[in-house]
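Q: Take a look at final.cif, mmCIF, C-alpha atoms:
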```cif
data_coords
#
loop_
_atom_site.label_atom_id
_atom_site.label_comp_id
_atom_site.auth_asym_id
_atom_site.auth_seq_id
_atom_site.Cartn_x
_atom_site.Cartn_y
_atom_site.Cartn_z
CA MET A 30 182.62 120.96 86.88
CA ALA A 31 180.33 119.46 84.25
CA ALA A 32 176.60 119.98 84.57
CA PRO A 33 174.63 116.84 85.44
CA THR A 34 172.93 115.17 82.57
CA VAL A 35 169.17 115.08 82.88
CA SER A 36 167.53 112.19 81.10
CA PRO A 37 164.29 113.02 79.28
CA VAL A 38 161.15 111.96 81.03
CA THR A 39 158.99 109.69 78.95
CA PRO A 40 155.32 110.50 79.51
CA SER A 41 153.37 107.56 80.82
CA VAL A 42 150.70 106.27 78.52
CA ALA A 43 147.36 106.12 80.28
CA PRO A 44 145.45 102.96 79.66
CA GLU A 45 142.63 103.34 77.21
CA GLU A 46 139.35 104.08 78.90
CA GLY A 47 136.99 101.21 78.76
CA GLY A 48 139.77 98.62 78.48
CA ARG A 49 138.39 95.30 77.51
CA PHE A 50 134.90 96.80 77.07
CA THR A 51 136.01 99.03 74.19
CA ALA A 52 134.82 96.52 71.61
CA LEU A 53 131.28 96.71 73.03
CA ARG A 54 130.89 100.45 72.49
CA GLY A 55 129.61 100.12 68.95
CA VAL A 56 127.06 97.42 69.76
CA PRO A 57 123.45 98.65 69.43
CA PRO A 58 121.45 98.68 72.69
CA TRP A 59 118.88 96.20 71.35
CA VAL A 60 121.56 93.52 71.11
CA GLY A 61 121.88 93.49 74.89
CA GLY A 62 118.13 93.09 75.21
CA ILE A 63 118.12 90.08 72.88
CA VAL A 64 120.99 88.47 74.77
CA GLY A 65 119.15 89.01 78.04
CA VAL A 66 115.97 87.41 76.70
CA VAL A 67 117.93 84.41 75.40
CA VAL A 68 119.61 83.93 78.78
CA ILE A 69 116.29 84.13 80.64
CA VAL A 70 114.63 81.61 78.30
CA ALA A 71 117.63 79.27 78.61
CA VAL A 72 117.51 79.38 82.43
CA TRP A 73 113.73 78.90 82.33
CA TRP A 74 114.05 75.86 80.04
CA ILE A 75 116.80 74.25 82.12
CA ALA A 76 114.83 74.76 85.35
CA SER A 77 111.69 73.22 83.84
CA LEU A 78 113.62 70.12 82.70
CA THR A 79 115.63 69.62 85.88
CA LEU A 80 114.40 71.12 89.14
CA TYR A 81 110.67 71.14 88.36
CA GLN A 82 110.34 68.24 85.95
CA GLY A 83 108.37 66.14 88.42
CA SER A 84 105.99 68.78 89.76
CA GLY A 85 105.50 70.63 86.47
CA ALA A 86 105.25 73.95 88.33
CA ILE A 87 107.48 75.51 85.68
CA PRO A 88 106.33 74.47 82.20
CA THR A 89 108.70 74.24 79.28
CA PRO A 90 108.85 77.24 76.91
CA PRO A 91 107.35 75.24 73.99
CA SER A 92 104.26 74.36 76.05
CA VAL A 93 103.70 78.06 76.78
CA VAL A 94 104.44 79.19 73.23
CA ALA A 95 101.84 76.69 72.01
CA ARG A 96 99.18 78.79 73.75
CA PHE A 97 100.26 81.85 71.77
CA VAL A 98 99.71 80.12 68.44
CA ASP A 99 96.33 78.67 69.41
CA ALA A 100 93.63 80.70 67.63
CA GLY A 101 90.91 79.74 70.08
CA GLN A 102 93.11 80.67 73.01
CA TRP A 103 93.87 84.05 71.49
CA SER A 104 90.20 84.77 70.92
CA ALA A 105 89.39 84.12 74.58
CA THR A 106 92.42 86.09 75.73
CA LEU A 107 91.52 89.14 73.65
CA ASN A 108 87.98 89.01 75.03
CA ASN A 109 89.28 88.87 78.60
CA ALA A 110 91.96 91.49 78.02
CA GLY A 111 89.43 93.94 76.63
CA GLY A 112 87.62 94.27 79.95
CA THR A 113 90.82 94.51 81.96
CA VAL A 114 92.43 97.10 79.69
CA GLY A 115 89.22 99.16 79.69
CA SER A 116 89.09 99.27 83.50
CA ALA A 117 92.82 99.99 83.73
CA ALA A 118 92.57 102.81 81.18
CA LEU A 119 89.66 104.41 83.02
CA GLY A 120 91.47 104.17 86.35
CA TYR A 121 94.64 105.49 84.71
CA LEU A 122 92.72 108.51 83.44
CA TRP A 123 91.00 109.38 86.71
CA GLY A 124 94.01 108.62 88.93
CA ASN A 125 96.40 110.75 86.89
CA LEU A 126 93.85 113.55 86.51
CA ALA A 127 93.35 113.66 90.29
CA ALA A 128 97.12 113.65 90.82
CA ILE A 129 97.71 116.53 88.40
CA VAL A 130 94.88 118.59 89.91
CA LEU A 131 96.25 118.00 93.40
CA ALA A 132 99.76 119.04 92.34
CA VAL A 133 98.47 122.24 90.73
CA ILE A 134 96.41 123.09 93.84
CA VAL A 135 99.49 122.63 96.02
CA LEU A 136 101.45 124.96 93.77
CA LEU A 137 98.75 127.64 93.81
CA VAL A 138 97.94 127.25 97.52
CA PRO A 139 101.20 126.33 99.33
CA PRO A 140 99.58 125.95 102.80
CA LEU A 141 97.79 122.85 101.47
CA GLU A 142 101.08 121.06 100.74
CA ALA A 143 101.17 119.14 104.03
CA LEU A 144 97.62 117.88 103.55
CA ALA A 145 98.28 116.92 99.92
CA ASN A 146 101.44 115.03 100.88
CA GLN A 147 99.51 113.09 103.51
CA ILE A 148 96.83 112.14 100.98
CA ALA A 149 99.43 110.96 98.47
CA VAL A 150 101.40 108.97 101.05
CA VAL A 151 98.28 107.33 102.50
CA SER A 152 97.15 106.26 99.02
CA TYR A 153 100.58 104.69 98.47
CA CYS A 154 100.94 103.01 101.86
CA ILE A 155 97.51 101.37 102.03
CA PRO A 156 97.96 97.75 100.85
CA LEU A 157 95.78 97.23 97.79
CA VAL A 158 95.30 93.58 98.75
CA ALA A 159 93.76 94.70 102.05
CA ILE A 160 91.52 97.47 100.76
CA GLY A 161 90.58 95.67 97.53
CA PRO A 162 87.93 93.35 99.01
CA VAL A 163 86.34 96.31 100.80
CA ILE A 164 86.08 98.26 97.54
CA VAL A 165 84.69 95.21 95.75
CA ILE A 166 81.92 94.91 98.35
CA VAL A 167 81.18 98.65 98.26
CA ALA A 168 81.00 98.66 94.45
CA GLY A 169 78.64 95.68 94.51
CA ARG A 170 76.80 94.25 91.55
CA ASP A 171 75.70 97.66 90.26
CA ALA A 172 79.31 98.50 89.27
CA PRO A 173 81.12 95.20 88.64
CA SER A 174 84.25 96.95 87.34
CA GLY A 175 84.16 99.77 89.91
CA ALA A 176 86.80 98.22 92.15
CA SER A 177 89.08 97.63 89.16
CA VAL A 178 88.90 101.31 88.23
CA VAL A 179 89.50 102.45 91.82
CA LEU A 180 92.53 100.19 92.39
CA ALA A 181 93.97 101.17 89.02
CA ALA A 182 93.59 104.84 89.95
CA MET A 183 95.18 104.30 93.37
CA SER A 184 98.10 102.44 91.80
CA CYS A 185 99.18 105.44 89.73
CA PHE A 186 98.06 108.36 91.95
CA PHE A 187 101.18 108.66 94.12
CA THR A 188 103.69 108.30 91.29
CA THR A 189 102.04 110.96 89.14
CA THR A 190 101.59 113.34 92.07
CA VAL A 191 105.29 113.23 92.92
CA GLY A 192 106.40 113.51 89.29
CA CYS A 193 104.08 116.44 88.58
CA LEU A 194 105.13 118.32 91.72
CA LEU A 195 108.82 117.85 90.94
CA GLY A 196 108.29 119.06 87.40
CA LEU A 197 106.29 122.13 88.43
CA ARG A 198 108.93 123.15 90.95
CA ALA A 199 111.75 122.66 88.44
CA ALA A 200 110.59 125.63 86.36
CA PRO A 201 113.28 128.33 85.82
CA ARG A 202 112.96 130.93 88.53
CA THR A 203 114.15 133.70 86.20
CA SER A 204 111.29 133.03 83.78
CA ILE A 205 108.73 133.18 86.57
CA ASP A 206 110.23 136.43 87.90
CA LEU A 207 110.12 137.90 84.40
CA ILE A 208 106.41 137.16 84.04
CA ARG A 209 105.67 138.69 87.42
CA ALA A 210 107.81 141.74 86.60
CA TYR A 211 105.56 142.38 83.60
CA GLY A 212 102.44 142.12 85.75
CA GLY A 213 101.64 138.46 85.14
CA SER A 214 99.71 136.54 87.77
CA THR A 215 100.54 133.22 89.38
CA TRP A 216 98.12 131.54 87.01
CA THR A 217 99.93 133.09 84.02
CA ALA A 218 103.27 131.81 85.29
CA LEU A 219 101.73 128.39 85.75
CA ARG A 220 100.39 128.25 82.19
CA LYS A 221 103.33 129.85 80.41
CA VAL A 222 106.29 128.37 82.28
CA GLN A 223 105.62 125.81 84.98
CA LEU A 224 103.29 123.47 83.10
CA ILE A 225 105.67 123.33 80.14
CA SER A 226 108.66 122.71 82.40
CA ALA A 227 106.75 119.95 84.20
CA LEU A 228 106.01 117.94 81.06
CA PRO A 229 109.22 115.81 81.03
CA SER A 230 108.86 114.81 84.68
CA LEU A 231 105.13 114.32 84.27
CA PHE A 232 105.51 111.98 81.31
CA ALA A 233 108.23 110.05 83.12
CA ALA A 234 105.73 109.44 85.92
CA LEU A 235 102.95 108.61 83.46
CA LYS A 236 105.11 105.92 81.86
CA ILE A 237 105.58 104.23 85.22
CA ALA A 238 101.91 104.68 86.07
CA ALA A 239 100.69 102.78 82.98
CA PRO A 240 101.89 99.31 84.08
CA ALA A 241 100.92 100.13 87.68
CA ALA A 242 97.32 100.88 86.67
CA PHE A 243 97.09 97.61 84.73
CA LEU A 244 98.43 95.71 87.75
CA GLY A 245 95.84 97.37 89.99
CA ALA A 246 93.02 96.39 87.65
CA ILE A 247 94.13 92.73 87.51
CA LEU A 248 94.47 92.64 91.29
CA ALA A 249 90.91 93.89 91.71
CA GLU A 250 89.66 91.26 89.27
CA TYR A 251 91.56 88.59 91.17
CA LEU A 252 89.69 89.74 94.30
CA GLY A 253 86.28 89.46 92.63
CA SER A 254 85.77 92.59 90.52
CA GLY A 255 85.18 93.04 86.80
CA GLY A 256 82.81 90.22 85.93
CA ASP A 257 83.64 86.91 84.27
CA SER A 258 85.40 88.05 81.07
CA THR A 259 88.62 89.47 82.53
CA LEU A 260 92.25 88.44 82.78
CA GLY A 261 91.97 88.23 86.56
CA ARG A 262 89.18 85.65 86.35
CA ALA A 263 91.13 83.73 83.69
CA ILE A 264 94.10 83.57 86.08
CA ILE A 265 91.84 82.28 88.86
CA ALA A 266 90.45 79.57 86.56
CA ALA A 267 93.93 78.45 85.49
CA GLN A 268 95.10 78.40 89.09
CA SER A 269 92.13 76.35 90.28
CA GLN A 270 92.85 73.79 87.53
CA SER A 271 96.62 73.76 88.28
CA ASP A 272 97.24 74.55 84.62
CA ALA A 273 100.82 75.81 84.81
CA PRO A 274 101.27 76.51 81.06
CA GLN A 275 98.06 78.56 81.05
CA LEU A 276 99.17 80.53 84.10
CA TRP A 277 102.55 81.31 82.55
CA TYR A 278 100.87 82.22 79.28
CA LEU A 279 98.52 84.66 81.04
CA ALA A 280 101.44 86.10 83.01
CA LEU A 281 103.37 86.74 79.79
CA VAL A 282 100.30 88.28 78.14
CA SER A 283 99.85 90.60 81.12
CA GLY A 284 103.51 91.57 80.95
CA ILE A 285 103.26 92.30 77.23
CA ILE A 286 100.21 94.52 77.73
CA SER A 287 101.92 96.41 80.56
CA GLY A 288 105.01 96.88 78.41
CA LEU A 289 102.90 98.17 75.54
CA GLY A 290 101.33 100.73 77.85
CA PHE A 291 104.78 101.91 78.91
CA VAL A 292 105.94 102.15 75.29
CA VAL A 293 102.83 103.99 74.08
CA VAL A 294 103.13 106.65 76.77
CA GLY A 295 106.82 106.99 75.93
CA LEU A 296 106.01 107.58 72.25
CA VAL A 297 103.46 110.21 73.20
CA ALA A 298 106.08 111.86 75.41
CA LYS A 299 108.50 112.07 72.46
CA LEU A 300 105.82 113.77 70.35
CA VAL A 301 104.73 116.22 73.05
CA THR A 302 108.19 117.00 74.48
CA PRO A 303 110.63 116.60 71.58
CA TRP A 304 113.18 118.89 73.22
CA THR A 305 113.89 116.24 75.87
CA THR A 306 115.05 113.74 73.22
CA GLY A 307 117.09 116.09 71.08
CA ALA A 308 114.54 116.02 68.26
CA ASP A 309 113.67 119.10 66.27
CA VAL A 310 110.77 121.12 67.61
CA PRO A 311 108.00 121.27 64.99
CA ALA A 312 107.41 124.62 63.36
CA GLY A 313 104.81 126.67 65.16
CA ALA A 314 105.14 124.69 68.39
CA THR A 315 106.61 127.64 70.24
#
```
Just dump the structure as structure tokens.
A:
Amino acid sequence: MAAPTVSPVTPSVAPEEGGRFTALRGVPPWVGGIVGVVVIVAVWWIASLTLYQGSGAIPTPPSVVARFVDAGQWSATLNNAGGTVGSAALGYLWGNLAAIVLAVIVLLVPPLEALANQIAVVSYCIPLVAIGPVIVIVAGRDAPSGASVVLAAMSCFFTTTVGCLLGLRAAPRTSIDLIRAYGGSTWTALRKVQLISALPSLFAALKIAAPAAFLGAILAEYLGSGGDSTLGRAIIAAQSQSDAPQLWYLALVSGIISGLGFVVVGLVAKLVTPWTTGADVPAGAT
């Protein structure tokens, strides 16, 4: 009896991963950003010429761009932005410093963790719009930018506290045990291991905190803080005059400044923590 003939099995060819998106793999990331900006501007332009042509609530892009090329407008904007950025930077400094100190205290004194968490959550849950007028009144005329600094600090306190705590607790346990085995104290482990391990998470929180602090400062100015030469007062003036192009121009300027803050902190993070980006560690940094 003849043995049955077994036909060879042809291996199935798996479809190429990515499929129709394979051609997009070599496209630089910035191309997607440019395409996104073009789409947003196109939708903005169409909406201004169709849905809001009668009311003028949405101005056309050229009418807003015209404010950017106006020298007099830029001079006034830079003057106003100087006060807002100064208050935001001061609040950013104090808010992040308080957050880092609180995170370190929690790490050194664990029983205080519940109290620290309550403080951080309360600072995050209190509506800034509700507490802002109270702070403006408390600051008074003696400290016209006091409320701007306080709201800027409150805007970034919670984010930095959480990021710093996560980073400090992410330190390698074996390294901490090694320091303690050689007689090192908790403070030594904090300086040698935990603070260094916390830097990536800390800078990630600081990047988010930069735009948040700027937003807090503008909100305080909108509620009456900061004096007359601020972006918040400029927004109030444009709103009272129903000047839609000016409002959109100021909104874009505020967005650009917030984005610059995010980018600057990111560049500092790359310099301070090059190992998180795959860059070479400078000689002598260890």
Q: I'd like the residues picked by the PyMOL selection byres ((chain A and resi 161) around 10) written out as a PDB file with C-alpha atoms, in the coordinates of the input, using the chain letters and numbers from the file.
A:
```pdb
ATOM      1  CA  PRO A 156      97.960  97.750 100.850  1.00  0.00           C
ATOM      2  CA  LEU A 157      95.780  97.230  97.790  1.00  0.00           C
ATOM      3  CA  VAL A 158      95.300  93.580  98.750  1.00  0.00           C
ATOM      4  CA  ALA A 159      93.760  94.700 102.050  1.00  0.00           C
ATOM      5  CA  ILE A 160      91.520  97.470 100.760  1.00  0.00           C
ATOM      6  CA  PRO A 162      87.930  93.350  99.010  1.00  0.00           C
ATOM      7  CA  VAL A 163      86.340  96.310 100.800  1.00  0.00           C
ATOM      8  CA  ILE A 164      86.080  98.260  97.540  1.00  0.00           C
ATOM      9  CA  VAL A 165      84.690  95.210  95.750  1.00  0.00           C
ATOM     10  CA  ILE A 166      81.920  94.910  98.350  1.00  0.00           C
ATOM     11  CA  VAL A 167      81.180  98.650  98.260  1.00  0.00           C
ATOM     12  CA  ALA A 176      86.800  98.220  92.150  1.00  0.00           C
ATOM     13  CA  SER A 177      89.080  97.630  89.160  1.00  0.00           C
ATOM     14  CA  VAL A 179      89.500 102.450  91.820  1.00  0.00           C
ATOM     15  CA  LEU A 180      92.530 100.190  92.390  1.00  0.00           C
ATOM     16  CA  GLY A 245      95.840  97.370  89.990  1.00  0.00           C
ATOM     17  CA  LEU A 248      94.470  92.640  91.290  1.00  0.00           C
ATOM     18  CA  ALA A 249      90.910  93.890  91.710  1.00  0.00           C
ATOM     19  CA  GLU A 250      89.660  91.260  89.270  1.00  0.00           C
ATOM     20  CA  TYR A 251      91.560  88.590  91.170  1.00  0.00           C
ATOM     21  CA  LEU A 252      89.690  89.740  94.300  1.00  0.00           C
ATOM     22  CA  GLY A 253      86.280  89.460  92.630  1.00  0.00           C
ATOM     23  CA  SER A 254      85.770  92.590  90.520  1.00  0.00           C
TER      24      SER A 254
END
```
Q: To one decimal place, how far is atom CA of A:Val70 from atom CA of A:Ala95 in Å?
A: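 Atom-to-atom, atom CA of A:Val70 and atom CA of A:Ala95 are spaced 15.1 Å apart.
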Q: I want to know what sits within 8 Å of stretch 270-279 of chain A, based on all atoms listed in the file, with residues of the same chain fewer than 6 positions away left out; could you give that as a ChimeraX atom specification?
A: /A:85-89,92-94,96-97,260,263-264
Q: Restricting the calculation to all atoms listed in the file, which member of A:Pro229, A:Gly175, A:Gly295, A:Gly124 is positioned closest to A:Thr189?
A: A:Gly124
Q: For A:Gly120, list every protein, DNA or RNA residue within 6 Å, evaluated using all atoms listed in the file, and leave out those in the same chain fewer than 4 positions away; present the list as a list in words.
A: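 My reading of the contact set: Gly124, Val178, Ala181 and Ala182 of chain A.
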Q: Those same residues, written as a compact mmCIF listing (two decimals), in the frame of the given file with C-alpha atoms?
A:
```txt
# COMPACT_ATOMS: atom_id res chain seq x y z
CA GLY A 124 94.01 108.62 88.93
CA VAL A 178 88.90 101.31 88.23
CA ALA A 181 93.97 101.17 89.02
CA ALA A 182 93.59 104.84 89.95
```
Q: Take the PyMOL selection byres ((chain A and resi 236) around 10), run it mentally on this structure, and tell me the resulting residues as a PyMOL selection string.
A: chain A and resi 185+188-189+231-235+237-241+288+290-298
Q: Next, dump the selected residues to file, keeping only C-alpha atoms, as a compact mmCIF listing (two decimals), in the coordinates of the input.
A:
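As written to disk, result.txt reads:
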```
# COMPACT_ATOMS: atom_id res chain seq x y z
CA CYS A 185 99.18 105.44 89.73
CA THR A 188 103.69 108.30 91.29
CA THR A 189 102.04 110.96 89.14
CA LEU A 231 105.13 114.32 84.27
CA PHE A 232 105.51 111.98 81.31
CA ALA A 233 108.23 110.05 83.12
CA ALA A 234 105.73 109.44 85.92
CA LEU A 235 102.95 108.61 83.46
CA ILE A 237 105.58 104.23 85.22
CA ALA A 238 101.91 104.68 86.07
CA ALA A 239 100.69 102.78 82.98
CA PRO A 240 101.89 99.31 84.08
CA ALA A 241 100.92 100.13 87.68
CA GLY A 288 105.01 96.88 78.41
CA GLY A 290 101.33 100.73 77.85
CA PHE A 291 104.78 101.91 78.91
CA VAL A 292 105.94 102.15 75.29
CA VAL A 293 102.83 103.99 74.08
CA VAL A 294 103.13 106.65 76.77
CA GLY A 295 106.82 106.99 75.93
CA LEU A 296 106.01 107.58 72.25
CA VAL A 297 103.46 110.21 73.20
CA ALA A 298 106.08 111.86 75.41
```
Q: Expand the PyMOL selection byres ((chain A and resi 149-153) around 10) into the individual residues it matches in the shown file, reporting them as number ranges by chain.
A: A: 128, 131, 144-148, 154-157, 182-191
Q: For the residues in the current selection, export C-alpha atoms as a CSV table (one decimal), in the frame of the given file.
A:
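Full text of again_11.csv as output:
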```
chain,number,residue,atom,x,y,z
A,128,ALA,CA,97.1,113.6,90.8
A,131,LEU,CA,96.2,118.0,93.4
A,144,LEU,CA,97.6,117.9,103.6
A,145,ALA,CA,98.3,116.9,99.9
A,146,ASN,CA,101.4,115.0,100.9
A,147,GLN,CA,99.5,113.1,103.5
A,148,ILE,CA,96.8,112.1,101.0
A,154,CYS,CA,100.9,103.0,101.9
A,155,ILE,CA,97.5,101.4,102.0
A,156,PRO,CA,98.0,97.8,100.8
A,157,LEU,CA,95.8,97.2,97.8
A,182,ALA,CA,93.6,104.8,90.0
A,183,MET,CA,95.2,104.3,93.4
A,184,SER,CA,98.1,102.4,91.8
A,185,CYS,CA,99.2,105.4,89.7
A,186,PHE,CA,98.1,108.4,92.0
A,187,PHE,CA,101.2,108.7,94.1
A,188,THR,CA,103.7,108.3,91.3
A,189,THR,CA,102.0,111.0,89.1
A,190,THR,CA,101.6,113.3,92.1
A,191,VAL,CA,105.3,113.2,92.9
```
Q: Find the distance between atom CA of A:Val133 and atom CA of A:Leu289 and write it in Å to one decimal.
A: 28.8 Å
Q: Between atom CA of A:Lys221 and atom CA of A:Ala127, what is the distance in Å, rounded to a tenth?
A: 21.4 Å
Q: Which polymer residues, whether protein, DNA or RNA, lie within 9 Å of the coordinate (87.3, 95.2, 81.4) when you count all atoms listed in the file? List them as a ChimeraX atom specification, using the chain letters and numbers from the file.
A: /A:108-117,174,177,246,255-256,258-260
Q: Could those selected residues go to a file with C-alpha atoms, as a compact mmCIF listing (two decimals), keeping the file's coordinate frame?
A:
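Writing done, so here's selection.txt:
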```txt
# COMPACT_ATOMS: atom_id res chain seq x y z
CA ASN A 108 87.98 89.01 75.03
CA ASN A 109 89.28 88.87 78.60
CA ALA A 110 91.96 91.49 78.02
CA GLY A 111 89.43 93.94 76.63
CA GLY A 112 87.62 94.27 79.95
CA THR A 113 90.82 94.51 81.96
CA VAL A 114 92.43 97.10 79.69
CA GLY A 115 89.22 99.16 79.69
CA SER A 116 89.09 99.27 83.50
CA ALA A 117 92.82 99.99 83.73
CA SER A 174 84.25 96.95 87.34
CA SER A 177 89.08 97.63 89.16
CA ALA A 246 93.02 96.39 87.65
CA GLY A 255 85.18 93.04 86.80
CA GLY A 256 82.81 90.22 85.93
CA SER A 258 85.40 88.05 81.07
CA THR A 259 88.62 89.47 82.53
CA LEU A 260 92.25 88.44 82.78
```
Q: Would you kindly identify which residues have an atom no farther than 10 Å from (110.4, 136.4, 86.2), using all atoms listed in the file and the file's own coordinates, and write them out as a ChimeraX atom specification?
A: /A:201-213,218,222
